[in-house]
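Novice: Contents of protein-v3.cif (mmCIF, N, CA and C atoms and all ligand atoms):
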```
data_upload
loop_
_atom_site.label_atom_id
_atom_site.label_comp_id
_atom_site.auth_asym_id
_atom_site.auth_seq_id
_atom_site.Cartn_x
_atom_site.Cartn_y
_atom_site.Cartn_z
N MET A 61 -26.70 -30.16 8.72
CA MET A 61 -27.66 -29.90 7.62
C MET A 61 -28.95 -29.35 8.22
N SER A 62 -29.38 -28.19 7.69
CA SER A 62 -30.67 -27.63 8.05
C SER A 62 -31.55 -27.70 6.79
N THR A 63 -32.69 -28.35 6.89
CA THR A 63 -33.55 -28.56 5.71
C THR A 63 -34.15 -27.25 5.22
N THR A 64 -34.12 -26.21 6.07
CA THR A 64 -34.69 -24.93 5.66
C THR A 64 -33.62 -23.94 5.19
N CYS A 65 -32.38 -24.38 5.18
CA CYS A 65 -31.27 -23.46 4.85
C CYS A 65 -30.93 -23.57 3.36
N LEU A 66 -30.91 -22.42 2.69
CA LEU A 66 -30.61 -22.39 1.25
C LEU A 66 -29.25 -23.02 0.95
N PHE A 67 -28.21 -22.64 1.68
CA PHE A 67 -26.89 -23.16 1.35
C PHE A 67 -26.77 -24.64 1.68
N CYS A 68 -27.39 -25.11 2.76
CA CYS A 68 -27.39 -26.56 3.02
C CYS A 68 -28.06 -27.30 1.86
N ARG A 69 -29.13 -26.72 1.33
CA ARG A 69 -29.85 -27.39 0.25
C ARG A 69 -29.04 -27.37 -1.05
N ILE A 70 -28.30 -26.30 -1.31
CA ILE A 70 -27.43 -26.28 -2.50
C ILE A 70 -26.31 -27.30 -2.32
N ILE A 71 -25.71 -27.35 -1.13
CA ILE A 71 -24.62 -28.31 -0.86
C ILE A 71 -25.13 -29.74 -1.04
N ALA A 72 -26.39 -29.99 -0.63
CA ALA A 72 -26.97 -31.33 -0.74
C ALA A 72 -27.41 -31.67 -2.16
N GLY A 73 -27.34 -30.71 -3.07
CA GLY A 73 -27.72 -30.96 -4.46
C GLY A 73 -29.21 -30.81 -4.72
N GLU A 74 -29.94 -30.29 -3.74
CA GLU A 74 -31.40 -30.14 -3.91
C GLU A 74 -31.76 -28.90 -4.72
N ILE A 75 -30.84 -27.92 -4.73
CA ILE A 75 -31.02 -26.68 -5.48
C ILE A 75 -29.73 -26.50 -6.28
N PRO A 76 -29.84 -26.12 -7.55
CA PRO A 76 -28.61 -26.00 -8.35
C PRO A 76 -27.71 -24.85 -7.91
N GLY A 77 -26.44 -25.02 -8.13
CA GLY A 77 -25.46 -23.98 -7.84
C GLY A 77 -24.26 -24.20 -8.73
N ARG A 78 -23.53 -23.11 -8.99
CA ARG A 78 -22.31 -23.24 -9.80
C ARG A 78 -21.12 -23.33 -8.84
N PHE A 79 -20.52 -24.51 -8.78
CA PHE A 79 -19.44 -24.78 -7.84
C PHE A 79 -18.09 -24.48 -8.49
N LEU A 80 -17.31 -23.61 -7.84
CA LEU A 80 -15.98 -23.29 -8.34
C LEU A 80 -14.92 -24.19 -7.70
N TYR A 81 -15.27 -24.78 -6.56
CA TYR A 81 -14.32 -25.61 -5.82
C TYR A 81 -15.13 -26.42 -4.81
N GLN A 82 -14.69 -27.64 -4.53
CA GLN A 82 -15.34 -28.47 -3.50
C GLN A 82 -14.28 -29.34 -2.84
N ASP A 83 -14.39 -29.54 -1.55
CA ASP A 83 -13.62 -30.60 -0.90
C ASP A 83 -14.49 -31.16 0.22
N GLU A 84 -13.91 -31.94 1.09
CA GLU A 84 -14.72 -32.65 2.09
C GLU A 84 -15.33 -31.71 3.13
N ARG A 85 -14.77 -30.51 3.29
CA ARG A 85 -15.26 -29.60 4.34
C ARG A 85 -15.92 -28.33 3.80
N PHE A 86 -15.66 -28.00 2.53
CA PHE A 86 -16.12 -26.70 1.99
C PHE A 86 -16.62 -26.84 0.56
N VAL A 87 -17.49 -25.89 0.19
CA VAL A 87 -17.76 -25.66 -1.23
C VAL A 87 -17.50 -24.17 -1.48
N VAL A 88 -17.14 -23.85 -2.71
CA VAL A 88 -17.07 -22.45 -3.14
C VAL A 88 -18.05 -22.30 -4.29
N LEU A 89 -19.04 -21.42 -4.07
CA LEU A 89 -20.12 -21.20 -5.04
C LEU A 89 -19.91 -19.87 -5.75
N GLN A 90 -20.25 -19.84 -7.02
CA GLN A 90 -20.38 -18.56 -7.73
C GLN A 90 -21.60 -17.84 -7.17
N ASP A 91 -21.46 -16.58 -6.77
CA ASP A 91 -22.61 -15.85 -6.27
C ASP A 91 -23.62 -15.63 -7.40
N VAL A 92 -24.90 -15.82 -7.10
CA VAL A 92 -25.94 -15.71 -8.12
C VAL A 92 -26.17 -14.26 -8.56
N ASN A 93 -25.74 -13.31 -7.75
CA ASN A 93 -25.92 -11.89 -8.05
C ASN A 93 -24.57 -11.19 -7.87
N PRO A 94 -23.62 -11.45 -8.80
CA PRO A 94 -22.23 -11.05 -8.55
C PRO A 94 -22.05 -9.53 -8.52
N GLN A 95 -21.24 -9.09 -7.58
CA GLN A 95 -20.94 -7.67 -7.39
C GLN A 95 -19.56 -7.29 -7.92
N ALA A 96 -18.90 -8.22 -8.55
CA ALA A 96 -17.56 -8.01 -9.13
C ALA A 96 -17.34 -9.12 -10.14
N PRO A 97 -16.37 -8.97 -11.05
CA PRO A 97 -16.11 -10.03 -12.02
C PRO A 97 -15.90 -11.40 -11.36
N LEU A 98 -15.22 -11.41 -10.24
CA LEU A 98 -15.15 -12.62 -9.41
C LEU A 98 -15.92 -12.34 -8.13
N HIS A 99 -17.00 -13.08 -7.91
CA HIS A 99 -17.74 -12.99 -6.64
C HIS A 99 -18.13 -14.42 -6.26
N ALA A 100 -17.35 -14.96 -5.35
CA ALA A 100 -17.54 -16.34 -4.91
C ALA A 100 -17.88 -16.34 -3.42
N LEU A 101 -18.47 -17.44 -2.98
CA LEU A 101 -18.84 -17.61 -1.58
C LEU A 101 -18.19 -18.89 -1.07
N VAL A 102 -17.32 -18.75 -0.07
CA VAL A 102 -16.69 -19.92 0.54
C VAL A 102 -17.60 -20.37 1.68
N ILE A 103 -18.11 -21.60 1.59
CA ILE A 103 -19.17 -22.06 2.50
C ILE A 103 -18.75 -23.38 3.14
N PRO A 104 -18.74 -23.45 4.47
CA PRO A 104 -18.45 -24.75 5.10
C PRO A 104 -19.65 -25.68 4.94
N ARG A 105 -19.38 -26.95 4.76
CA ARG A 105 -20.48 -27.93 4.71
C ARG A 105 -21.22 -27.97 6.04
N LYS A 106 -20.52 -27.69 7.13
CA LYS A 106 -21.15 -27.63 8.45
C LYS A 106 -22.05 -26.40 8.53
N HIS A 107 -23.29 -26.59 8.99
CA HIS A 107 -24.21 -25.47 9.14
C HIS A 107 -23.90 -24.70 10.42
N VAL A 108 -23.50 -23.44 10.26
CA VAL A 108 -23.33 -22.49 11.36
C VAL A 108 -24.08 -21.24 10.91
N ALA A 109 -25.03 -20.74 11.69
CA ALA A 109 -25.93 -19.69 11.20
C ALA A 109 -25.22 -18.35 11.00
N THR A 110 -24.47 -17.91 12.00
CA THR A 110 -23.80 -16.60 11.93
C THR A 110 -22.43 -16.71 12.59
N LEU A 111 -21.63 -15.66 12.43
CA LEU A 111 -20.33 -15.64 13.13
C LEU A 111 -20.52 -15.76 14.63
N ASN A 112 -21.64 -15.26 15.14
CA ASN A 112 -21.90 -15.32 16.58
C ASN A 112 -22.06 -16.75 17.10
N ASP A 113 -22.30 -17.68 16.20
CA ASP A 113 -22.57 -19.06 16.59
C ASP A 113 -21.35 -19.96 16.49
N LEU A 114 -20.20 -19.39 16.11
CA LEU A 114 -18.98 -20.19 16.02
C LEU A 114 -18.54 -20.65 17.41
N LEU A 115 -18.03 -21.85 17.47
CA LEU A 115 -17.53 -22.44 18.71
C LEU A 115 -16.00 -22.47 18.68
N PRO A 116 -15.37 -22.60 19.83
CA PRO A 116 -13.90 -22.71 19.82
C PRO A 116 -13.41 -23.79 18.86
N GLU A 117 -14.17 -24.86 18.74
CA GLU A 117 -13.75 -25.95 17.86
C GLU A 117 -13.81 -25.56 16.38
N ASP A 118 -14.44 -24.43 16.07
CA ASP A 118 -14.53 -23.97 14.68
C ASP A 118 -13.37 -23.05 14.28
N ASP A 119 -12.45 -22.79 15.18
CA ASP A 119 -11.35 -21.87 14.85
C ASP A 119 -10.59 -22.33 13.61
N GLY A 120 -10.33 -23.62 13.52
CA GLY A 120 -9.61 -24.14 12.35
C GLY A 120 -10.43 -23.99 11.08
N LEU A 121 -11.72 -24.22 11.21
CA LEU A 121 -12.62 -24.11 10.05
C LEU A 121 -12.57 -22.72 9.45
N VAL A 122 -12.58 -21.69 10.28
CA VAL A 122 -12.55 -20.32 9.77
C VAL A 122 -11.22 -20.04 9.07
N GLY A 123 -10.14 -20.50 9.64
CA GLY A 123 -8.84 -20.32 8.98
C GLY A 123 -8.81 -21.00 7.62
N GLU A 124 -9.39 -22.18 7.57
CA GLU A 124 -9.42 -22.91 6.29
C GLU A 124 -10.28 -22.18 5.27
N MET A 125 -11.31 -21.49 5.71
CA MET A 125 -12.14 -20.72 4.77
C MET A 125 -11.28 -19.66 4.07
N PHE A 126 -10.44 -18.97 4.83
CA PHE A 126 -9.60 -17.94 4.21
C PHE A 126 -8.58 -18.56 3.25
N ARG A 127 -8.09 -19.73 3.59
CA ARG A 127 -7.12 -20.36 2.67
C ARG A 127 -7.81 -20.83 1.40
N ARG A 128 -9.05 -21.26 1.48
CA ARG A 128 -9.80 -21.62 0.26
C ARG A 128 -10.04 -20.36 -0.58
N ALA A 129 -10.37 -19.26 0.07
CA ALA A 129 -10.57 -18.00 -0.67
C ALA A 129 -9.29 -17.62 -1.41
N ALA A 130 -8.16 -17.73 -0.75
CA ALA A 130 -6.89 -17.38 -1.39
C ALA A 130 -6.59 -18.30 -2.58
N LEU A 131 -6.93 -19.56 -2.43
CA LEU A 131 -6.74 -20.53 -3.52
C LEU A 131 -7.58 -20.15 -4.74
N VAL A 132 -8.86 -19.86 -4.51
CA VAL A 132 -9.76 -19.52 -5.62
C VAL A 132 -9.34 -18.18 -6.23
N ALA A 133 -8.90 -17.24 -5.40
CA ALA A 133 -8.40 -15.96 -5.92
C ALA A 133 -7.21 -16.20 -6.84
N ARG A 134 -6.32 -17.07 -6.44
CA ARG A 134 -5.15 -17.40 -7.27
C ARG A 134 -5.59 -18.04 -8.57
N GLU A 135 -6.51 -18.99 -8.48
CA GLU A 135 -6.99 -19.69 -9.69
C GLU A 135 -7.67 -18.74 -10.67
N HIS A 136 -8.27 -17.67 -10.15
CA HIS A 136 -8.98 -16.73 -11.01
C HIS A 136 -8.15 -15.49 -11.34
N GLY A 137 -6.87 -15.52 -11.02
CA GLY A 137 -5.94 -14.51 -11.50
C GLY A 137 -5.99 -13.18 -10.77
N VAL A 138 -6.57 -13.15 -9.56
CA VAL A 138 -6.65 -11.87 -8.85
C VAL A 138 -5.78 -11.84 -7.58
N ALA A 139 -5.00 -12.90 -7.37
CA ALA A 139 -4.22 -12.97 -6.13
C ALA A 139 -3.26 -11.79 -6.01
N ASP A 140 -2.65 -11.39 -7.12
CA ASP A 140 -1.66 -10.32 -7.07
C ASP A 140 -2.28 -8.95 -7.28
N SER A 141 -3.32 -8.86 -8.12
CA SER A 141 -3.97 -7.56 -8.35
C SER A 141 -4.75 -7.13 -7.11
N GLY A 142 -5.35 -8.09 -6.40
CA GLY A 142 -6.04 -7.78 -5.15
C GLY A 142 -7.47 -8.28 -5.14
N TYR A 143 -7.93 -8.54 -3.94
CA TYR A 143 -9.30 -9.03 -3.76
C TYR A 143 -9.72 -8.73 -2.34
N ARG A 144 -11.01 -8.88 -2.08
CA ARG A 144 -11.55 -8.61 -0.74
C ARG A 144 -12.31 -9.83 -0.24
N THR A 145 -12.20 -10.09 1.06
CA THR A 145 -12.99 -11.14 1.71
C THR A 145 -13.85 -10.49 2.78
N VAL A 146 -15.11 -10.91 2.84
CA VAL A 146 -16.07 -10.26 3.75
C VAL A 146 -16.98 -11.31 4.37
N PHE A 147 -17.18 -11.21 5.68
CA PHE A 147 -18.26 -11.92 6.37
C PHE A 147 -19.29 -10.86 6.78
N ASN A 148 -20.52 -11.03 6.42
CA ASN A 148 -21.59 -10.18 6.94
C ASN A 148 -22.25 -10.91 8.10
N CYS A 149 -22.45 -10.20 9.20
CA CYS A 149 -23.09 -10.83 10.36
C CYS A 149 -24.34 -10.06 10.76
N ASN A 150 -25.47 -10.71 10.54
CA ASN A 150 -26.79 -10.21 10.97
C ASN A 150 -27.26 -8.99 10.18
N ARG A 151 -28.38 -8.46 10.59
CA ARG A 151 -29.20 -7.58 9.75
C ARG A 151 -28.48 -6.32 9.28
N GLU A 152 -27.88 -5.58 10.18
CA GLU A 152 -27.31 -4.29 9.77
C GLU A 152 -26.09 -4.45 8.87
N ALA A 153 -25.50 -5.61 8.89
CA ALA A 153 -24.38 -5.87 7.96
C ALA A 153 -24.87 -6.44 6.64
N GLY A 154 -26.16 -6.72 6.55
CA GLY A 154 -26.72 -7.20 5.29
C GLY A 154 -26.72 -8.70 5.11
N GLN A 155 -26.56 -9.45 6.21
CA GLN A 155 -26.61 -10.91 6.06
C GLN A 155 -28.02 -11.34 5.68
N THR A 156 -28.13 -12.11 4.60
CA THR A 156 -29.44 -12.57 4.13
C THR A 156 -29.56 -14.09 4.14
N VAL A 157 -28.42 -14.79 4.13
CA VAL A 157 -28.44 -16.25 4.19
C VAL A 157 -27.74 -16.64 5.49
N PHE A 158 -28.49 -17.35 6.34
CA PHE A 158 -28.01 -17.61 7.70
C PHE A 158 -27.32 -18.97 7.79
N HIS A 159 -26.26 -19.06 7.00
CA HIS A 159 -25.28 -20.16 7.00
C HIS A 159 -23.98 -19.45 6.63
N ILE A 160 -23.03 -19.42 7.53
CA ILE A 160 -21.87 -18.54 7.32
C ILE A 160 -21.21 -18.79 5.96
N HIS A 161 -20.75 -17.69 5.40
CA HIS A 161 -20.10 -17.73 4.09
C HIS A 161 -19.15 -16.55 4.01
N LEU A 162 -18.02 -16.80 3.39
CA LEU A 162 -17.01 -15.76 3.20
C LEU A 162 -17.10 -15.30 1.75
N HIS A 163 -17.48 -14.02 1.56
CA HIS A 163 -17.51 -13.47 0.21
C HIS A 163 -16.07 -13.27 -0.27
N LEU A 164 -15.83 -13.59 -1.52
CA LEU A 164 -14.56 -13.33 -2.18
C LEU A 164 -14.88 -12.48 -3.41
N LEU A 165 -14.37 -11.25 -3.40
CA LEU A 165 -14.66 -10.29 -4.49
C LEU A 165 -13.35 -9.84 -5.11
N GLY A 166 -13.30 -9.82 -6.43
CA GLY A 166 -12.10 -9.37 -7.11
C GLY A 166 -12.35 -9.13 -8.58
N GLY A 167 -11.33 -8.60 -9.24
CA GLY A 167 -11.43 -8.37 -10.68
C GLY A 167 -11.78 -6.95 -11.05
N ARG A 168 -11.93 -6.09 -10.04
CA ARG A 168 -12.13 -4.65 -10.29
C ARG A 168 -11.66 -3.90 -9.05
N PRO A 169 -11.37 -2.59 -9.18
CA PRO A 169 -11.02 -1.82 -7.97
C PRO A 169 -12.22 -1.80 -7.03
N LEU A 170 -11.98 -1.98 -5.75
CA LEU A 170 -13.05 -2.05 -4.75
C LEU A 170 -12.91 -0.83 -3.83
N ALA A 171 -13.98 -0.07 -3.70
CA ALA A 171 -13.94 1.15 -2.89
C ALA A 171 -13.85 0.82 -1.41
N TRP A 172 -13.28 1.77 -0.65
CA TRP A 172 -13.23 1.67 0.81
C TRP A 172 -13.49 3.03 1.40
N PRO A 173 -14.29 3.20 2.44
CA PRO A 173 -14.99 2.14 3.16
C PRO A 173 -16.17 1.62 2.37
N PRO A 174 -16.63 0.40 2.69
CA PRO A 174 -17.80 -0.17 2.03
C PRO A 174 -19.05 0.59 2.46
N GLY A 175 -20.11 0.47 1.70
CA GLY A 175 -21.35 1.19 1.99
C GLY A 175 -22.06 0.65 3.20
P1 LIG A 201 -25.14 -12.24 2.60
O1 LIG A 201 -26.03 -11.10 2.17
O2 LIG A 201 -25.89 -13.20 3.50
O3 LIG A 201 -23.82 -11.84 3.16
O4 LIG A 201 -24.78 -13.01 1.26
C1 LIG A 201 -25.63 -13.92 0.65
C2 LIG A 201 -25.18 -14.02 -0.79
O5 LIG A 201 -25.78 -15.17 -1.35
C3 LIG A 201 -25.59 -12.83 -1.66
O6 LIG A 201 -24.44 -12.24 -2.24
C4 LIG A 201 -26.54 -13.44 -2.68
O7 LIG A 201 -26.39 -12.87 -3.96
C5 LIG A 201 -26.15 -14.90 -2.67
N1 LIG A 201 -27.22 -15.80 -2.98
C6 LIG A 201 -28.51 -15.72 -2.58
N2 LIG A 201 -29.22 -16.77 -3.05
C7 LIG A 201 -28.34 -17.52 -3.77
C8 LIG A 201 -28.48 -18.73 -4.52
O8 LIG A 201 -29.55 -19.33 -4.61
N3 LIG A 201 -27.36 -19.21 -5.13
C9 LIG A 201 -26.15 -18.56 -5.04
N4 LIG A 201 -25.12 -19.13 -5.67
N5 LIG A 201 -25.99 -17.42 -4.35
C10 LIG A 201 -27.06 -16.92 -3.72
ZN ZN A 202 -27.06 -24.35 6.26
#
```
Would you mind writing the structure in this file as structure tokens?
Specialist:
Amino acid sequence: MSTTCLFCRIIAGEIPGRFLYQDERFVVLQDVNPQAPLHALVIPRKHVATLNDLLPEDDGLVGEMFRRAALVAREHGVADSGYRTVFNCNREAGQTVFHIHLHLLGGRPLAWPPG
């Protein structure tokens, strides 16, 4: 827990958030500024600032993040039509919240390559 981290504070209940899924290791939040009909953020309860800060012991955690994304995609009816998962790392990739999160986007055709 970082007291200055937005996602740690949402997870702790200090700031409101719309939770689509929760378990002992993760929360899935509705993105406050959605870029697709489904735009969720899979967030580990453990504070890790960026992908660069992952440790070997976090390998399982990252795999579990993708499985949570697939679960939420299935629950929201986009598992078969298609969806995208994205990690942004640091400034040039557009990371704005420094607590790792996996974006889950679906419900519309998504262009490639991304901007
Ligand atoms: P990043 O740019 O770091 O990859 O993604 C951060 C995401 O968090 C953005 O898509 C942004 O809309 C979302 N976000 C920022 N502040 C809040 C908030 O207070 N609540 C929620 N649910 N999402 C937020
Ligand atoms: Zn945090």
Novice: Based on DSSP run over this structure's backbone, return all residues of segment 76-166 of chain A in helix (DSSP H, G or I), as an MDAnalysis selection string.
Specialist: chainID A and resid 111:113 116:135 151:153
Novice: Give me, please, the distance in Å between atom C of Gly137 of chain A and atom N of Ile70 of chain A, quoted to one decimal.
Specialist: 27.6 Å
Novice: Give me, as CSV, the closest atom pair and its distance (Å, one decimal) for every residue of chain A within a cut-off of 6 Å of ligand ZN 202 (chain A), counting only C-alpha atoms and all ligand atoms, rows sorted by chain and rising number.
Specialist:
```
residue,atom,partner,partner_atom,distance
A:Met61,CA,A:ZN202,ZN,5.7
A:Ser62,CA,A:ZN202,ZN,5.2
A:Cys65,CA,A:ZN202,ZN,4.5
A:Phe67,CA,A:ZN202,ZN,5.1
A:Cys68,CA,A:ZN202,ZN,3.9
A:His107,CA,A:ZN202,ZN,4.2
A:His159,CA,A:ZN202,ZN,4.6
```
Novice: Choose the residue, out of A:Leu162, A:Pro116, A:Ala129, A:Pro173, that has the smallest atom-to-atom separation from Phe147 of chain A; count only C-alpha atoms.
Specialist: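 Looking at the shortest contact to Phe147 of chain A, the residue is A:Leu162.
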Novice: Taking into account only C-alpha atoms and all ligand atoms, which residue in the set A:Cys149, A:Val122, A:Val102, A:Ala72 is nearest to ligand LIG 201 (chain A)?
Specialist: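 Using only C-alpha atoms and all ligand atoms, the shortest distance to ligand LIG 201 (chain A) belongs to A:Cys149.
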Novice: Using only N, CA and C atoms and all ligand atoms, which residue out of A:Val92, A:Val108, A:Ala100, A:Ala133 lies closest to ligand LIG 201 (chain A)?
Specialist: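 Checking each candidate against ligand LIG 201 (chain A), we get A:Val92 as the closest.
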Novice: Within 9 Å of ligand LIG 201 (chain A), which residues show up when you count only C-alpha atoms and all ligand atoms? List them as a VMD selection string, please.
Specialist: chain A and resid 66 to 67 70 75 to 79 89 to 95 99 to 101 146 to 151 153 to 163
Novice: Taking into account all atoms listed in the file, which residue in the set A:Thr110, A:Val87, A:Gly167, A:Leu80 is nearest to Ala139 of chain A?
Specialist: A:Gly167
Novice: Distance atom CA of Gly142 of chain A-atom CA of Gly166 of chain A, one decimal place?
Specialist: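 Pair atom CA of Gly142 of chain A / atom CA of Gly166 of chain A returns 6.6 Å.
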Novice: Would you work out the distance separating atom CA of Gly120 of chain A from atom CA of Asp140 of chain A, expressed in Å to one decimal?
Specialist: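 Computing the Euclidean distance for atom CA of Gly120 of chain A and atom CA of Asp140 of chain A yields 25.1 Å.
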Novice: Can you list, as a list of chain:residue names, every residue of chain A that DSSP puts in strand (DSSP E)?
Specialist: A:Phe79, A:Leu80, A:Tyr81, A:Gln82, A:Phe86, A:Val87, A:Val88, A:Leu89, A:Gln90, A:Leu98, A:His99, A:Ala100, A:Leu101, A:Val102, A:Ile103, A:Pro104, A:Tyr143, A:Arg144, A:Thr145, A:Val146, A:Leu162, A:His163, A:Leu164, A:Leu165, A:Gly166
Novice: With distances taken over only N, CA and C atoms, which of A:His136, A:Arg144, A:Arg69, A:Arg105 is nearest to Phe86 of chain A?
Specialist: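 Among the listed residues, the smallest separation from Phe86 of chain A belongs to A:Arg105.
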Novice: When distances are computed from only C-alpha atoms, which of A:Tyr81, A:Asp113, A:Thr145, A:Met125 shows the smallest separation from Leu165 of chain A?
Specialist: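 Looking at the shortest contact to Leu165 of chain A, the residue is A:Thr145.
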Novice: Would you mind writing segment 101-113 of chain A with N, CA, C and O atoms, as a PDB file, in the frame of the given file?
Specialist:
```
ATOM      1  N   LEU A 101     -18.470 -17.440  -2.980  1.00  0.00           N
ATOM      2  CA  LEU A 101     -18.840 -17.610  -1.580  1.00  0.00           C
ATOM      3  C   LEU A 101     -18.190 -18.890  -1.070  1.00  0.00           C
ATOM      4  O   LEU A 101     -18.454 -19.972  -1.616  1.00  0.00           O
ATOM      5  N   VAL A 102     -17.320 -18.750  -0.070  1.00  0.00           N
ATOM      6  CA  VAL A 102     -16.690 -19.920   0.540  1.00  0.00           C
ATOM      7  C   VAL A 102     -17.600 -20.370   1.680  1.00  0.00           C
ATOM      8  O   VAL A 102     -17.846 -19.601   2.626  1.00  0.00           O
ATOM      9  N   ILE A 103     -18.110 -21.600   1.590  1.00  0.00           N
ATOM     10  CA  ILE A 103     -19.170 -22.060   2.500  1.00  0.00           C
ATOM     11  C   ILE A 103     -18.750 -23.380   3.140  1.00  0.00           C
ATOM     12  O   ILE A 103     -18.462 -24.348   2.413  1.00  0.00           O
ATOM     13  N   PRO A 104     -18.740 -23.450   4.470  1.00  0.00           N
ATOM     14  CA  PRO A 104     -18.450 -24.750   5.100  1.00  0.00           C
ATOM     15  C   PRO A 104     -19.650 -25.680   4.940  1.00  0.00           C
ATOM     16  O   PRO A 104     -20.796 -25.228   4.962  1.00  0.00           O
ATOM     17  N   ARG A 105     -19.380 -26.950   4.760  1.00  0.00           N
ATOM     18  CA  ARG A 105     -20.480 -27.930   4.710  1.00  0.00           C
ATOM     19  C   ARG A 105     -21.220 -27.970   6.040  1.00  0.00           C
ATOM     20  O   ARG A 105     -22.426 -28.225   6.085  1.00  0.00           O
ATOM     21  N   LYS A 106     -20.520 -27.690   7.130  1.00  0.00           N
ATOM     22  CA  LYS A 106     -21.150 -27.630   8.450  1.00  0.00           C
ATOM     23  C   LYS A 106     -22.050 -26.400   8.530  1.00  0.00           C
ATOM     24  O   LYS A 106     -21.625 -25.294   8.194  1.00  0.00           O
ATOM     25  N   HIS A 107     -23.290 -26.590   8.990  1.00  0.00           N
ATOM     26  CA  HIS A 107     -24.210 -25.470   9.140  1.00  0.00           C
ATOM     27  C   HIS A 107     -23.900 -24.700  10.420  1.00  0.00           C
ATOM     28  O   HIS A 107     -24.024 -25.227  11.521  1.00  0.00           O
ATOM     29  N   VAL A 108     -23.500 -23.440  10.260  1.00  0.00           N
ATOM     30  CA  VAL A 108     -23.330 -22.490  11.360  1.00  0.00           C
ATOM     31  C   VAL A 108     -24.080 -21.240  10.910  1.00  0.00           C
ATOM     32  O   VAL A 108     -23.811 -20.730   9.814  1.00  0.00           O
ATOM     33  N   ALA A 109     -25.030 -20.740  11.690  1.00  0.00           N
ATOM     34  CA  ALA A 109     -25.930 -19.690  11.200  1.00  0.00           C
ATOM     35  C   ALA A 109     -25.220 -18.350  11.000  1.00  0.00           C
ATOM     36  O   ALA A 109     -25.387 -17.693   9.974  1.00  0.00           O
ATOM     37  N   THR A 110     -24.470 -17.910  12.000  1.00  0.00           N
ATOM     38  CA  THR A 110     -23.800 -16.600  11.930  1.00  0.00           C
ATOM     39  C   THR A 110     -22.430 -16.710  12.590  1.00  0.00           C
ATOM     40  O   THR A 110     -22.140 -17.681  13.311  1.00  0.00           O
ATOM     41  N   LEU A 111     -21.630 -15.660  12.430  1.00  0.00           N
ATOM     42  CA  LEU A 111     -20.330 -15.640  13.130  1.00  0.00           C
ATOM     43  C   LEU A 111     -20.520 -15.760  14.630  1.00  0.00           C
ATOM     44  O   LEU A 111     -19.659 -16.308  15.330  1.00  0.00           O
ATOM     45  N   ASN A 112     -21.640 -15.260  15.140  1.00  0.00           N
ATOM     46  CA  ASN A 112     -21.900 -15.320  16.580  1.00  0.00           C
ATOM     47  C   ASN A 112     -22.060 -16.750  17.100  1.00  0.00           C
ATOM     48  O   ASN A 112     -21.999 -16.972  18.307  1.00  0.00           O
ATOM     49  N   ASP A 113     -22.300 -17.680  16.200  1.00  0.00           N
ATOM     50  CA  ASP A 113     -22.570 -19.060  16.590  1.00  0.00           C
ATOM     51  C   ASP A 113     -21.350 -19.960  16.490  1.00  0.00           C
ATOM     52  O   ASP A 113     -21.442 -21.170  16.724  1.00  0.00           O
TER      53      ASP A 113
END
```
